[in-house]
Amino acid sequence: MTPARLVVVGDALLDIDVETDVERLVPDSAAPVLDERRRVQRPGGAGLAARFAASDSGVEVVLATAVPNDPAGQALRASLDPSVELLNLPCHGATGVKTRLRQGSHVVARLDQGGSGLHVDDVPAAVRDALRSADAVLVSDYGRGVTRAPGLDALLAEVARDRPVLWDPHPRGAPPVPRTQLVTPNAAEAAAACEERQPRSVADACRQARTLVRRWQVGGVAVTLGSRGAVLASSAESAALFPAIQTIAEDPCGAGDRFASRAATALASGARTCDAVAAGVAAATAFLARGGVAGLGNEDQSAPGGLIRDLVLALRARGATIVATGGCFDLLHAGHVAALDAARALGDCLIVCLNSDDSVRRQKGPDRPVQGVSDRRRILESLRSVDAVVVFDEDTPEQVLPAIRPDIWVKGGDYADAALPEAALVRSWGGEVVTVPYVPGLSTTNLLTRVRG
C-alpha cells in the first residue's frame, strides 16, 4: 500500500541540551557552577515534529521550513531525520537556537539565540507543489516567521478546502486559516486566543475550545492539558475529554509536538478527527513515559501500530500491569459488563481483542454477528472498564497477543484453562491466564432466542 504523504510546514529550530553536574557554588555568590558532562543537539520545533511523524508507520514526511546558512543552520540540517525530505524556504535572519542547561531531570536555565526571527522571502514552487499534493499538512508554528511567508496563508486555505490541515499555533504566529480540520493549542495558547486567563478546569478548556471553533471558523479545536489529556470541540455546542494515562513527567518538552505529529499522521491515513486526537494523546503520553526528549531513539518496535502501540509503550514504560481479554461481544449484556469490570480490576489497563465480522461468522454461523464490528467496537470503547480495543481476523487472538504481551489474559469462567489455545502463548512471556466468574443464564445466544421466540 502506498504510504500517506504528510507535509510539515513551520519553524525549525536547533535544540541543544547541556547535561551538567553541580558540585559547588561560585565563590563570590550563591550561583551554582555547572560542569558540562554531555552536549546533545537535535532538531526542535517543526524539525522535531517531522522527526516524530517519520517514526509513525505508513507515512512519508516532507519538511518545508526556513534554515539560514549560518553555523547553527548547518548544525540543524545535520540533525534532521535523514528519512525526511527537506524543502527550504529562502529567508534572511538567524537560526533560532534553544540551549537548555540541565542538572539531572531538571532544567536549570535556558539560553535563546536568534530571537528576532526570520523573514521568509518567498514560497518556492516545490513547496507549493508539495502542499497541493499532500494527503495532510501539519503547520508547526513557533512564531519565527514561516507562517507569515508571502502567500502561504492563501495556499494553506486552498489546501484546507479538500484535505486535512492540522495547525499547531503560536501566539506570535499567523492565525489558522478557515476550514482547518484541527487546531491544537495548549492551555496557555487557548486562553491567550480567548483573551482570558489560563483555564483552571477541564470545563474552562471546553468552553475556550468551543469559542475558538467559532472564532477561527475551523473544523475542530483540541486544547492540550498536559497530564489531563486534551479536550476536543468540533462545534460551538459541545466538547469531549480525551484523558491521558497518568504519568510522572518532570520534563514535558516535546510533548506538544508529539501530540500534533501523531494526530497529523492519523489524519493523513484517513482517521476521523476524534480518533486522531485520541492517538495524539496516547503518543504524547508514551513519549513522556519513555523519558521525553531524553528517551528519543528508544522506541520499541515490538508493539502493534497506532493507538494500541502508543498505549502499550506508555504502560510498559511505567511498569503498569496490562490486562487483555477477547471475544465477539455481539450483543453486550450484563454478563459481559461483569466480566469486563472484573478483568479491569486485575491491572492498570484493559485491552479487548475483538473478533472481526468474518471471525464471528466462522464461529457462530452466517446469521452472526448481529452488530457489525464498528458498532461492537464503539460500544466497548465507551465502557469505563475498557481502555482500548484491537480487532483481529483470525479464529483466535494468538496473532495479536505477542504484540500486546499482556501480563494477564482473562476469559470468562465457562472456559476451562486447557481449552484455551492461547494459554501456552501467554505463559511463554511470563503472563498468567485468569478466569473471572461467569453469570449463569446470560449469553448472546439466549438473548437472541428470547427476542426471536
# chains A, B, ... in the order shown; residues from 1 in each chain; ligands from 1
>>> select_by_dssp(residues="stretch 109-265 of chain A", states="alpha helix (DSSP H)", output="number ranges by chain")
A: 125-133, 152-160, 187-193, 202-216, 255-265
>>> select_by_dssp(residues="stretch 45-256 of chain A", states="strand (DSSP E or B)", output="PyMOL selection string")
chain A and resi 45+59-65+85-88+91-93+97-103+106-113+118-120+136-140+165-168+182-183+186+221-224+230-233+239-242
>>> closest_atom_pairs(of="stretch 14-77 of chain A", to="stretch 90-102 of chain A", cutoff="8 Å", atoms="only C-alpha atoms", output="tab-separated table")
residue	atom	partner	partner_atom	distance
A:Leu14	CA	A:Val97	CA	4.8
A:Asp15	CA	A:Lys98	CA	5.0
A:Ile16	CA	A:Thr99	CA	4.6
A:Asp17	CA	A:Arg100	CA	5.0
A:Val18	CA	A:Leu101	CA	5.0
A:Glu19	CA	A:Arg102	CA	4.9
A:Thr20	CA	A:Arg102	CA	5.9
A:Ala66	CA	A:Cys91	CA	6.3
A:Val67	CA	A:Thr95	CA	6.5
A:Pro68	CA	A:Thr95	CA	5.9
A:Asp70	CA	A:Ala94	CA	7.1
A:Ala72	CA	A:Thr95	CA	6.0
A:Gly73	CA	A:Thr95	CA	5.5
>>> write_last_selection(atoms="C-alpha atoms", output="PDB file, in the first residue's frame")
ATOM      1  CA  LEU A  14      18.158  23.887  16.796  1.00  0.00           C
ATOM      2  CA  ASP A  15      17.728  22.479  20.298  1.00  0.00           C
ATOM      3  CA  ILE A  16      20.792  21.856  22.468  1.00  0.00           C
ATOM      4  CA  ASP A  17      20.694  20.063  25.800  1.00  0.00           C
ATOM      5  CA  VAL A  18      23.743  20.518  28.009  1.00  0.00           C
ATOM      6  CA  GLU A  19      23.820  17.902  30.750  1.00  0.00           C
ATOM      7  CA  THR A  20      25.734  19.137  33.766  1.00  0.00           C
ATOM      8  CA  ALA A  66      13.452  28.096   6.532  1.00  0.00           C
ATOM      9  CA  VAL A  67      17.009  27.227   7.541  1.00  0.00           C
ATOM     10  CA  PRO A  68      19.579  30.039   7.174  1.00  0.00           C
ATOM     11  CA  ASP A  70      24.736  30.080   9.328  1.00  0.00           C
ATOM     12  CA  ALA A  72      23.528  26.925  13.692  1.00  0.00           C
ATOM     13  CA  GLY A  73      21.571  26.333  10.484  1.00  0.00           C
TER      14      GLY A  73
END
>>> residues_around(residues="A:Thr224", least_positions_apart="5", cutoff="9 Å", atoms="only C-alpha atoms", output="list in words")
Thr184, Pro185, Asn186, Ala187, Ala205, Gly229, Ala230, Val231, Leu232, Gly256, Phe259 and Val281 of chain A
>>> residues_around(residues="stretch 260-267 of chain A", least_positions_apart="6", cutoff="10 Å", atoms="only C-alpha atoms", output="ChimeraX atom specification")
/A:4-8,46,48-61,135-140,163-168,181-185,222,224,273-284,306-307,310
>>> residues_around(residues="A:Ala388", least_positions_apart="6", cutoff="7 Å", atoms="only C-alpha atoms", output="VMD selection string")
chain A and resid 308 350 to 352 381
>>> closest_residue(among="A:Leu225, A:Ala244, A:Ala154, A:Val386", to="A:Ala188", atoms="only C-alpha atoms")
A:Leu225
>>> decode(residues="stretch 380-393 of chain A", atoms="all heavy atoms", output="PDB file, in the first residue's frame")
ATOM      1  N   LEU A 380     -17.884  -1.057  23.077  1.00  0.00           N
ATOM      2  CA  LEU A 380     -16.862  -1.465  24.041  1.00  0.00           C
ATOM      3  C   LEU A 380     -16.003  -0.281  24.477  1.00  0.00           C
ATOM      4  O   LEU A 380     -15.689  -0.117  25.663  1.00  0.00           O
ATOM      5  CB  LEU A 380     -15.977  -2.555  23.439  1.00  0.00           C
ATOM      6  CG  LEU A 380     -16.591  -3.956  23.342  1.00  0.00           C
ATOM      7  CD1 LEU A 380     -15.731  -4.849  22.461  1.00  0.00           C
ATOM      8  CD2 LEU A 380     -16.759  -4.572  24.730  1.00  0.00           C
ATOM      9  N   GLU A 381     -15.608   0.548  23.521  1.00  0.00           N
ATOM     10  CA  GLU A 381     -14.744   1.686  23.848  1.00  0.00           C
ATOM     11  C   GLU A 381     -15.443   2.701  24.748  1.00  0.00           C
ATOM     12  O   GLU A 381     -14.775   3.486  25.427  1.00  0.00           O
ATOM     13  CB  GLU A 381     -14.267   2.363  22.566  1.00  0.00           C
ATOM     14  CG  GLU A 381     -13.255   1.544  21.787  1.00  0.00           C
ATOM     15  CD  GLU A 381     -12.877   2.175  20.453  1.00  0.00           C
ATOM     16  OE1 GLU A 381     -13.678   2.978  19.928  1.00  0.00           O
ATOM     17  OE2 GLU A 381     -11.780   1.872  19.945  1.00  0.00           O
ATOM     18  N   SER A 382     -16.772   2.686  24.769  1.00  0.00           N
ATOM     19  CA  SER A 382     -17.498   3.627  25.615  1.00  0.00           C
ATOM     20  C   SER A 382     -17.569   3.176  27.069  1.00  0.00           C
ATOM     21  O   SER A 382     -17.949   3.965  27.940  1.00  0.00           O
ATOM     22  CB  SER A 382     -18.924   3.822  25.082  1.00  0.00           C
ATOM     23  OG  SER A 382     -19.700   2.649  25.283  1.00  0.00           O
ATOM     24  N   LEU A 383     -17.184   1.926  27.345  1.00  0.00           N
ATOM     25  CA  LEU A 383     -17.256   1.418  28.713  1.00  0.00           C
ATOM     26  C   LEU A 383     -16.095   1.943  29.545  1.00  0.00           C
ATOM     27  O   LEU A 383     -14.949   2.002  29.080  1.00  0.00           O
ATOM     28  CB  LEU A 383     -17.246  -0.112  28.718  1.00  0.00           C
ATOM     29  CG  LEU A 383     -18.416  -0.812  28.019  1.00  0.00           C
ATOM     30  CD1 LEU A 383     -18.224  -2.325  28.081  1.00  0.00           C
ATOM     31  CD2 LEU A 383     -19.744  -0.418  28.654  1.00  0.00           C
ATOM     32  N   ARG A 384     -16.360   2.270  30.768  1.00  0.00           N
ATOM     33  CA  ARG A 384     -15.325   2.784  31.674  1.00  0.00           C
ATOM     34  C   ARG A 384     -14.225   1.762  31.920  1.00  0.00           C
ATOM     35  O   ARG A 384     -13.067   2.120  32.121  1.00  0.00           O
ATOM     36  CB  ARG A 384     -15.975   3.186  33.000  1.00  0.00           C
ATOM     37  CG  ARG A 384     -15.014   3.782  34.022  1.00  0.00           C
ATOM     38  CD  ARG A 384     -15.772   4.246  35.252  1.00  0.00           C
ATOM     39  NE  ARG A 384     -16.555   3.148  35.831  1.00  0.00           N
ATOM     40  CZ  ARG A 384     -17.384   3.299  36.844  1.00  0.00           C
ATOM     41  NH1 ARG A 384     -17.578   4.494  37.366  1.00  0.00           N
ATOM     42  NH2 ARG A 384     -18.043   2.260  37.331  1.00  0.00           N
ATOM     43  N   SER A 385     -14.554   0.482  31.869  1.00  0.00           N
ATOM     44  CA  SER A 385     -13.578  -0.566  32.168  1.00  0.00           C
ATOM     45  C   SER A 385     -12.620  -0.825  31.010  1.00  0.00           C
ATOM     46  O   SER A 385     -11.569  -1.446  31.211  1.00  0.00           O
ATOM     47  CB  SER A 385     -14.302  -1.868  32.523  1.00  0.00           C
ATOM     48  OG  SER A 385     -15.143  -2.275  31.469  1.00  0.00           O
ATOM     49  N   VAL A 386     -12.944  -0.385  29.795  1.00  0.00           N
ATOM     50  CA  VAL A 386     -12.156  -0.728  28.606  1.00  0.00           C
ATOM     51  C   VAL A 386     -11.290   0.466  28.202  1.00  0.00           C
ATOM     52  O   VAL A 386     -11.795   1.563  27.984  1.00  0.00           O
ATOM     53  CB  VAL A 386     -13.075  -1.138  27.437  1.00  0.00           C
ATOM     54  CG1 VAL A 386     -12.253  -1.399  26.180  1.00  0.00           C
ATOM     55  CG2 VAL A 386     -13.885  -2.378  27.811  1.00  0.00           C
ATOM     56  N   ASP A 387      -9.983   0.216  28.088  1.00  0.00           N
ATOM     57  CA  ASP A 387      -9.056   1.276  27.705  1.00  0.00           C
ATOM     58  C   ASP A 387      -8.783   1.309  26.210  1.00  0.00           C
ATOM     59  O   ASP A 387      -8.496   2.370  25.652  1.00  0.00           O
ATOM     60  CB  ASP A 387      -7.736   1.105  28.459  1.00  0.00           C
ATOM     61  CG  ASP A 387      -7.902   1.317  29.954  1.00  0.00           C
ATOM     62  OD1 ASP A 387      -7.962   2.476  30.386  1.00  0.00           O
ATOM     63  OD2 ASP A 387      -8.012   0.320  30.687  1.00  0.00           O
ATOM     64  N   ALA A 388      -8.840   0.156  25.547  1.00  0.00           N
ATOM     65  CA  ALA A 388      -8.586   0.116  24.104  1.00  0.00           C
ATOM     66  C   ALA A 388      -9.135  -1.178  23.534  1.00  0.00           C
ATOM     67  O   ALA A 388      -9.319  -2.166  24.251  1.00  0.00           O
ATOM     68  CB  ALA A 388      -7.092   0.234  23.815  1.00  0.00           C
ATOM     69  N   VAL A 389      -9.384  -1.170  22.211  1.00  0.00           N
ATOM     70  CA  VAL A 389      -9.901  -2.344  21.506  1.00  0.00           C
ATOM     71  C   VAL A 389      -9.051  -2.569  20.269  1.00  0.00           C
ATOM     72  O   VAL A 389      -8.745  -1.623  19.531  1.00  0.00           O
ATOM     73  CB  VAL A 389     -11.377  -2.149  21.091  1.00  0.00           C
ATOM     74  CG1 VAL A 389     -11.874  -3.346  20.279  1.00  0.00           C
ATOM     75  CG2 VAL A 389     -12.256  -1.921  22.311  1.00  0.00           C
ATOM     76  N   VAL A 390      -8.646  -3.819  20.033  1.00  0.00           N
ATOM     77  CA  VAL A 390      -7.939  -4.183  18.816  1.00  0.00           C
ATOM     78  C   VAL A 390      -8.702  -5.318  18.143  1.00  0.00           C
ATOM     79  O   VAL A 390      -9.112  -6.273  18.791  1.00  0.00           O
ATOM     80  CB  VAL A 390      -6.471  -4.589  19.106  1.00  0.00           C
ATOM     81  CG1 VAL A 390      -6.390  -5.752  20.074  1.00  0.00           C
ATOM     82  CG2 VAL A 390      -5.736  -4.907  17.816  1.00  0.00           C
ATOM     83  N   VAL A 391      -8.939  -5.185  16.845  1.00  0.00           N
ATOM     84  CA  VAL A 391      -9.728  -6.169  16.087  1.00  0.00           C
ATOM     85  C   VAL A 391      -8.790  -7.178  15.429  1.00  0.00           C
ATOM     86  O   VAL A 391      -7.744  -6.802  14.888  1.00  0.00           O
ATOM     87  CB  VAL A 391     -10.586  -5.464  15.017  1.00  0.00           C
ATOM     88  CG1 VAL A 391     -11.360  -6.486  14.182  1.00  0.00           C
ATOM     89  CG2 VAL A 391     -11.545  -4.472  15.669  1.00  0.00           C
ATOM     90  N   PHE A 392      -9.162  -8.467  15.457  1.00  0.00           N
ATOM     91  CA  PHE A 392      -8.375  -9.495  14.789  1.00  0.00           C
ATOM     92  C   PHE A 392      -9.277 -10.328  13.884  1.00  0.00           C
ATOM     93  O   PHE A 392     -10.461 -10.508  14.153  1.00  0.00           O
ATOM     94  CB  PHE A 392      -7.644 -10.389  15.795  1.00  0.00           C
ATOM     95  CG  PHE A 392      -8.531 -11.206  16.691  1.00  0.00           C
ATOM     96  CD1 PHE A 392      -8.874 -12.518  16.362  1.00  0.00           C
ATOM     97  CD2 PHE A 392      -9.033 -10.673  17.878  1.00  0.00           C
ATOM     98  CE1 PHE A 392      -9.688 -13.273  17.179  1.00  0.00           C
ATOM     99  CE2 PHE A 392      -9.844 -11.430  18.707  1.00  0.00           C
ATOM    100  CZ  PHE A 392     -10.180 -12.734  18.354  1.00  0.00           C
ATOM    101  N   ASP A 393      -8.700 -10.843  12.793  1.00  0.00           N
ATOM    102  CA  ASP A 393      -9.466 -11.570  11.776  1.00  0.00           C
ATOM    103  C   ASP A 393      -9.390 -13.086  11.937  1.00  0.00           C
ATOM    104  O   ASP A 393     -10.179 -13.804  11.322  1.00  0.00           O
ATOM    105  CB  ASP A 393      -8.963 -11.211  10.374  1.00  0.00           C
ATOM    106  CG  ASP A 393      -9.342  -9.794   9.978  1.00  0.00           C
ATOM    107  OD1 ASP A 393     -10.486  -9.392  10.243  1.00  0.00           O
ATOM    108  OD2 ASP A 393      -8.484  -9.091   9.416  1.00  0.00           O
TER     109      ASP A 393
END
